[in-house]
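Here is target-v4.cif, consisting of mmCIF, C-alpha atoms:
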data_model
#
loop_
_atom_site.label_atom_id
_atom_site.label_comp_id
_atom_site.auth_asym_id
_atom_site.auth_seq_id
_atom_site.Cartn_x
_atom_site.Cartn_y
_atom_site.Cartn_z
CA MET N 1 5.43 14.44 -2.71
CA GLU N 2 5.52 17.84 -4.38
CA LYS N 3 6.25 19.34 -7.79
CA ASP N 4 9.51 21.21 -8.28
CA ALA N 5 10.07 24.37 -10.34
CA HIS N 6 9.94 22.29 -13.54
CA GLY N 7 6.65 20.59 -12.68
CA VAL N 8 8.33 17.26 -11.89
CA ARG N 9 7.09 15.31 -8.86
CA VAL N 10 9.77 14.89 -6.23
CA VAL N 11 9.80 13.41 -2.75
CA VAL N 12 10.51 16.00 -0.09
CA ARG N 13 11.23 15.63 3.60
CA VAL N 14 8.57 17.00 5.94
CA GLU N 15 8.87 17.62 9.66
CA ALA N 16 5.42 17.66 11.22
CA ARG N 17 3.91 18.01 14.65
CA ILE N 18 1.80 14.94 15.46
CA ALA N 19 -1.10 15.35 17.87
CA LEU N 20 -1.25 13.15 20.97
CA ALA N 21 -4.75 12.26 22.14
CA CYS N 22 -5.77 10.97 25.56
CA CYS N 23 -8.80 8.74 26.16
CA ASP N 24 -11.08 10.06 28.92
CA LYS N 25 -12.19 6.53 29.81
CA CYS N 26 -9.03 4.43 29.92
CA GLY N 27 -6.38 7.15 30.05
CA SER N 28 -4.36 5.70 27.16
CA ARG N 29 -2.47 8.07 24.87
CA VAL N 30 -2.34 7.60 21.11
CA ARG N 31 -0.82 9.53 18.23
CA VAL N 32 -3.30 10.98 15.76
CA LEU N 33 -1.85 10.65 12.26
CA PRO N 34 -3.10 12.53 9.18
CA CYS N 35 -4.78 10.40 6.49
CA ASP N 36 -1.73 10.69 4.22
CA ILE N 37 0.60 9.11 6.78
CA GLN N 38 0.70 5.43 7.73
CA ALA N 39 2.10 4.13 10.97
CA HIS N 40 5.52 2.45 10.57
CA LYS N 41 6.06 4.00 7.11
CA LEU N 42 8.76 6.52 6.20
CA TYR N 43 6.99 7.61 3.01
CA ALA N 44 3.57 9.21 2.69
CA VAL N 45 0.63 7.22 1.34
CA ALA N 46 0.65 9.20 -1.93
CA VAL N 47 4.25 8.16 -2.64
CA ILE N 48 3.44 4.52 -1.93
CA GLU N 49 0.33 4.60 -4.11
CA LEU N 50 2.07 6.26 -7.05
CA LEU N 51 4.88 3.72 -7.12
CA VAL N 52 2.70 0.64 -6.59
CA ALA N 53 0.16 1.83 -9.18
CA THR N 54 2.88 2.64 -11.73
CA TYR N 55 4.48 -0.76 -11.24
CA THR N 56 1.33 -2.90 -11.29
CA GLU N 57 -0.22 -1.06 -14.25
CA GLY N 58 2.91 -0.42 -16.31
CA ASP N 59 5.58 -2.46 -18.05
CA THR N 60 8.72 -1.26 -16.30
CA SER N 61 10.84 -3.09 -13.76
CA LEU N 62 10.96 -2.41 -10.04
CA ARG N 63 14.18 -0.41 -10.44
CA VAL N 64 12.95 1.74 -13.32
CA THR N 65 9.63 2.40 -11.58
CA ALA N 66 11.37 3.49 -8.38
CA TRP N 67 13.81 5.73 -10.25
CA ARG N 68 11.00 7.52 -12.07
CA LEU N 69 10.46 9.68 -9.01
CA ALA N 70 12.98 12.50 -9.38
CA GLY N 71 14.98 13.60 -6.38
CA ILE N 72 17.46 12.12 -3.96
CA ARG N 73 14.75 10.68 -1.71
CA THR N 74 13.39 8.21 -4.24
CA PRO N 75 12.62 4.92 -2.44
CA ALA N 76 14.77 1.89 -3.22
CA PHE N 77 13.31 -0.70 -5.59
CA THR N 78 13.45 -3.24 -2.75
CA THR N 79 11.15 -0.96 -0.76
CA LEU N 80 8.70 -0.89 -3.66
CA HIS N 81 8.76 -4.69 -3.78
CA ALA N 82 8.09 -4.84 -0.02
CA TRP N 83 5.17 -2.42 -0.35
CA SER N 84 3.56 -4.46 -3.11
CA GLU N 85 3.99 -7.68 -1.14
CA GLY N 86 2.47 -6.29 2.04
CA MET N 87 -0.34 -4.39 0.34
CA GLY N 88 -1.23 -7.41 -1.79
CA ALA N 89 -1.40 -9.76 1.19
CA TYR N 90 -3.46 -7.19 3.08
CA ALA N 91 -5.90 -6.80 0.18
CA LEU N 92 -6.27 -10.58 -0.01
CA GLY N 93 -7.15 -10.75 3.68
CA ARG N 94 -3.96 -12.59 4.61
CA ARG N 95 -2.88 -12.18 8.22
CA GLN N 96 0.78 -11.74 7.26
CA GLY N 97 -0.09 -8.52 5.44
CA GLU N 98 -1.93 -6.97 8.39
CA LEU N 99 -0.61 -5.07 11.38
CA PRO N 100 -1.84 -5.73 14.96
CA GLU N 101 -3.32 -2.25 15.36
CA GLY N 102 -4.96 -2.28 11.94
CA ARG N 103 -8.30 -3.58 10.71
CA PRO N 104 -8.99 -6.22 8.03
CA HIS N 105 -9.33 -4.87 4.51
CA ALA N 106 -12.66 -6.69 4.23
CA ALA N 107 -14.23 -4.23 6.69
CA LEU N 108 -13.40 -1.27 4.46
CA VAL N 109 -14.58 -3.11 1.34
CA GLN N 110 -17.85 -4.06 3.01
CA GLU N 111 -18.56 -0.46 4.03
CA THR N 112 -17.67 0.77 0.54
CA GLU N 113 -19.90 -1.75 -1.23
CA ALA N 114 -22.80 -0.92 1.08
CA ARG N 115 -22.65 2.69 -0.11
CA LEU N 116 -21.43 2.03 -3.63
CA PRO N 117 -22.85 -1.25 -5.03
CA GLU N 118 -20.79 -0.97 -8.23
CA ALA N 119 -17.66 -1.54 -6.14
CA ARG N 120 -18.64 -5.22 -6.06
CA GLU N 121 -17.97 -5.38 -9.80
CA VAL N 122 -14.40 -4.09 -9.75
CA PRO N 123 -12.39 -6.77 -11.60
CA THR N 124 -8.94 -8.02 -10.70
CA PRO N 125 -6.66 -6.85 -13.54
CA GLU N 126 -4.41 -9.27 -15.36
CA VAL N 127 -0.81 -9.13 -14.18
CA ASP N 128 2.03 -9.01 -16.69
CA GLU N 129 3.70 -12.42 -16.54
CA ARG N 130 7.09 -10.72 -16.33
CA ARG N 131 6.07 -9.40 -12.91
CA TYR N 132 6.00 -12.70 -11.03
CA ARG N 133 7.61 -16.09 -10.68
CA SER N 134 4.93 -17.70 -8.52
CA GLU N 135 1.16 -17.79 -8.46
CA ALA N 136 1.18 -16.30 -4.97
CA ARG N 137 3.12 -13.26 -6.18
CA ARG N 138 0.73 -12.87 -9.11
CA ASP N 139 -2.25 -12.95 -6.75
CA ARG N 140 -0.73 -10.29 -4.52
CA LEU N 141 0.01 -7.97 -7.43
CA GLY N 142 -3.50 -8.45 -8.79
CA ALA N 143 -4.94 -7.66 -5.37
CA CYS N 144 -2.86 -4.46 -5.22
CA ALA N 145 -4.24 -3.33 -8.56
CA ARG N 146 -7.83 -4.12 -7.54
CA LEU N 147 -7.43 -2.24 -4.25
CA LEU N 148 -6.26 0.86 -6.12
CA LEU N 149 -9.08 0.58 -8.66
CA THR N 150 -11.62 0.34 -5.85
CA ALA N 151 -10.12 3.37 -4.13
CA ALA N 152 -10.36 5.40 -7.35
CA LEU N 153 -13.97 4.30 -7.88
CA ALA N 154 -14.98 5.13 -4.31
CA THR N 155 -13.36 8.57 -4.25
CA LYS N 156 -13.56 9.60 -7.94
CA VAL N 157 -9.91 10.59 -7.51
CA SER N 158 -7.03 9.17 -9.54
CA SER N 159 -3.63 8.06 -8.28
CA PRO N 160 -1.67 9.07 -6.33
CA PHE N 161 -4.35 10.48 -4.02
CA ALA N 162 -7.10 7.82 -4.17
CA LEU N 163 -5.92 5.92 -1.09
CA VAL N 164 -5.69 9.10 0.96
CA GLY N 165 -9.21 10.02 -0.13
CA TRP N 166 -10.48 6.52 0.66
CA CYS N 167 -9.06 6.73 4.19
CA ALA N 168 -10.72 10.10 4.75
CA LEU N 169 -13.99 8.85 3.32
CA ALA N 170 -13.98 5.75 5.51
CA LEU N 171 -13.32 7.79 8.64
CA SER N 172 -16.41 9.85 7.83
CA TRP N 173 -18.37 6.57 7.97
CA SER N 174 -17.04 5.71 11.43
CA ARG N 175 -20.38 6.22 13.25
CA SER N 176 -21.92 3.35 11.32
CA ALA N 177 -18.70 1.34 11.16
CA PRO N 178 -17.04 1.19 14.60
CA LEU N 179 -14.24 -0.98 13.22
CA LEU N 180 -13.04 1.98 11.15
CA ALA N 181 -13.38 4.60 13.85
CA PHE N 182 -10.09 4.67 15.73
CA THR N 183 -7.43 3.33 13.38
CA SER N 184 -6.43 3.93 9.80
CA PRO N 185 -8.87 2.07 7.51
CA ILE N 186 -5.88 1.11 5.34
CA LEU N 187 -2.91 -0.21 7.29
CA PHE N 188 -0.67 -2.86 5.76
CA ARG N 189 2.69 -4.40 6.52
CA THR N 190 5.79 -3.53 4.52
CA GLY N 191 7.06 -6.81 3.14
CA LEU N 192 6.28 -10.35 4.23
CA SER N 193 8.30 -12.35 6.70
CA SER N 194 9.33 -15.91 5.98
CA THR N 195 10.35 -18.76 8.22
CA GLY N 196 13.84 -20.20 8.30
CA PHE N 197 12.57 -23.26 6.43
CA GLU N 198 11.49 -21.07 3.52
CA ARG N 199 14.77 -19.18 3.20
CA VAL N 200 17.46 -20.27 0.80
CA GLY N 201 20.98 -20.11 2.21
CA ALA N 202 23.80 -18.44 0.30
CA SER N 203 25.59 -21.78 -0.14
CA VAL N 204 22.65 -23.40 -1.98
CA ARG N 205 21.18 -20.38 -3.77
CA ALA N 206 20.86 -20.90 -7.49
CA ARG N 207 23.65 -19.17 -9.38
CA SER N 208 23.72 -17.76 -12.88
CA PRO N 209 25.35 -20.05 -15.43
CA PRO N 210 28.82 -19.01 -16.62
CA LYS N 211 28.91 -16.87 -19.76
#
Translate the structure described by the file into structure tokens.
Amino acid sequence: MEKDAHGVRVVVRVEARIALACCDKCGSRVRVLPCDIQAHKLYAVAVIELLVATYTEGDTSLRVTAWRLAGIRTPAFTTLHAWSEGMGAYALGRRQGELPEGRPHAALVQETEARLPEAREVPTPEVDERRYRSEARRDRLGACARLLLTAALATKVSSPFALVGWCALALSWSRSAPLLAFTSPILFRTGLSSTGFERVGASVRARSPPK
């Protein structure tokens, strides 16, 4: 995410060389990603943070929030919804929000609170009732907002670069926190999967009443 000639933030495409590391002990090869890139994500962490923070803290819809980023590479509003679902479940410690190669969010929170006791007092913000139709969705959105507040407190950096700073900060703690040493301290799933029993088929989906 960069600023154009008019000072407006736009999403730009970046082609980068990613380092490949080899373990001397087991011989496995792994890609070494920068802190501002998450595995399995097409958009950088700063783009994700800006959109999720704007949506959870503001009063605009998913579509309007997504369209606020100028440029042709603005993420779809459905992508924003999927980010907020996955990040919220991850922040709540739900397995469906985590990725196999990631670490639980609780490990990062524990390391942060050990170094910054005031992080224990970060409240969960109230969620605008227009944002959700279920208590589970409200909890996930609240968890997203709290995660971003904790990141800002830990790094003293505001959105959209608090999460990137939190990742870098946590990696500097890796000697005392082995769980954070070899993977991104913040790694969440995009969207939540549902079973066939939970899906609503097109034939029985509620329809809008005739006008």
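Applying the 12 Å criterion to (-19.7, -5.0, -6.7) in file coordinates and using all atoms listed in the file, one obtains the residues Val109, Gln110, Glu111, Thr112, Glu113, Ala114, Arg115, Leu116, Pro117, Glu118, Ala119, Arg120, Glu121, Val122, Pro123, Thr124, Arg146, Thr150, Leu153 and Ala154 of chain N.
The coordinates place atom CA of N:Ile48 at 18.9 Å from atom CA of N:Asp4.
What the PyMOL selection byres ((chain N and resi 166) around 9) picks from this file is Ala151, Ala152, Ala154, Thr155, Phe161, Ala162, Leu163, Val164, Gly165, Cys167, Ala168, Leu169, Ala170, Leu171, Pro185 and Ile186 of chain N.
Closest approach to N:Gln96 from the set N:Tyr43, N:Arg140, N:Leu148, N:Ser61 is made by N:Arg140, with distances taken over all atoms listed in the file.
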Exercise. Please indicate the distance in Å from atom CA of N:Arg95 to atom CA of N:Cys144, rounded to one decimal place.
Key: 15.5 Å
Self-check item: Among the residues N:Arg131, N:Ala106, N:Gly142, N:Ser28, the one that comes closest to N:His81 [using all atoms listed in the file]
Solution: N:Arg131
Exercise. Name the residues in contact with N:Val14 at a cut-off of 12 Å, using all atoms listed in the file, excluding same-chain residues fewer than 4 positions from it; report them as a list in words.
Key: Met1, Glu2, Ile18, Ile37, Leu42, Tyr43, Ala44 and Arg73 of chain N
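Closest approach to N:Leu99 among N:Ile72, N:Leu192, N:Ala53, N:Cys35 is made by N:Leu192 (distances from only C-alpha atoms).
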Quiz item: What gap, in Å, lies between atom CA of N:Val47 and atom CA of N:Ala89?
Solution: 19.2 Å
Quiz item: the PyMOL selection byres ((chain N and resi 57) around 9) on the file shown: which residues, as a PyMOL selection string?
Solution: chain N and resi 52-56+58-59+125+127-128+145
Exercise. Carefully work through the PyMOL selection byres ((chain N and resi 9) around 12) for this structure and note down the residues it includes, as a list in words.
Key: Met1, Glu2, Lys3, Asp4, Ala5, His6, Gly7, Val8, Val10, Val11, Val12, Ala46, Val47, Leu50, Leu51, Trp67, Arg68, Leu69, Ala70, Gly71, Ile72, Arg73, Thr74 and Pro160 of chain N
Expected file for stretch 128-143 of chain N keeping C-alpha atoms, as an mmCIF file, in the first residue's frame:
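Output (decode-v5.cif):
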data_model
loop_
_atom_site.group_PDB
_atom_site.id
_atom_site.type_symbol
_atom_site.label_atom_id
_atom_site.label_comp_id
_atom_site.auth_asym_id
_atom_site.auth_seq_id
_atom_site.Cartn_x
_atom_site.Cartn_y
_atom_site.Cartn_z
ATOM 1 C CA ASP N 128 -22.101 -1.532 16.312
ATOM 2 C CA GLU N 129 -25.243 -3.670 16.278
ATOM 3 C CA ARG N 130 -25.586 -3.059 12.546
ATOM 4 C CA ARG N 131 -22.393 -5.079 12.060
ATOM 5 C CA TYR N 132 -23.721 -8.488 13.080
ATOM 6 C CA ARG N 133 -26.724 -10.773 13.044
ATOM 7 C CA SER N 134 -25.443 -13.312 15.557
ATOM 8 C CA GLU N 135 -23.642 -13.219 18.873
ATOM 9 C CA ALA N 136 -20.801 -15.258 17.393
ATOM 10 C CA ARG N 137 -20.221 -12.642 14.681
ATOM 11 C CA ARG N 138 -20.291 -9.884 17.302
ATOM 12 C CA ASP N 139 -17.685 -11.721 19.375
ATOM 13 C CA ARG N 140 -15.397 -12.139 16.381
ATOM 14 C CA LEU N 141 -15.612 -8.469 15.427
ATOM 15 C CA GLY N 142 -14.947 -7.432 19.020
ATOM 16 C CA ALA N 143 -11.929 -9.732 19.128
#
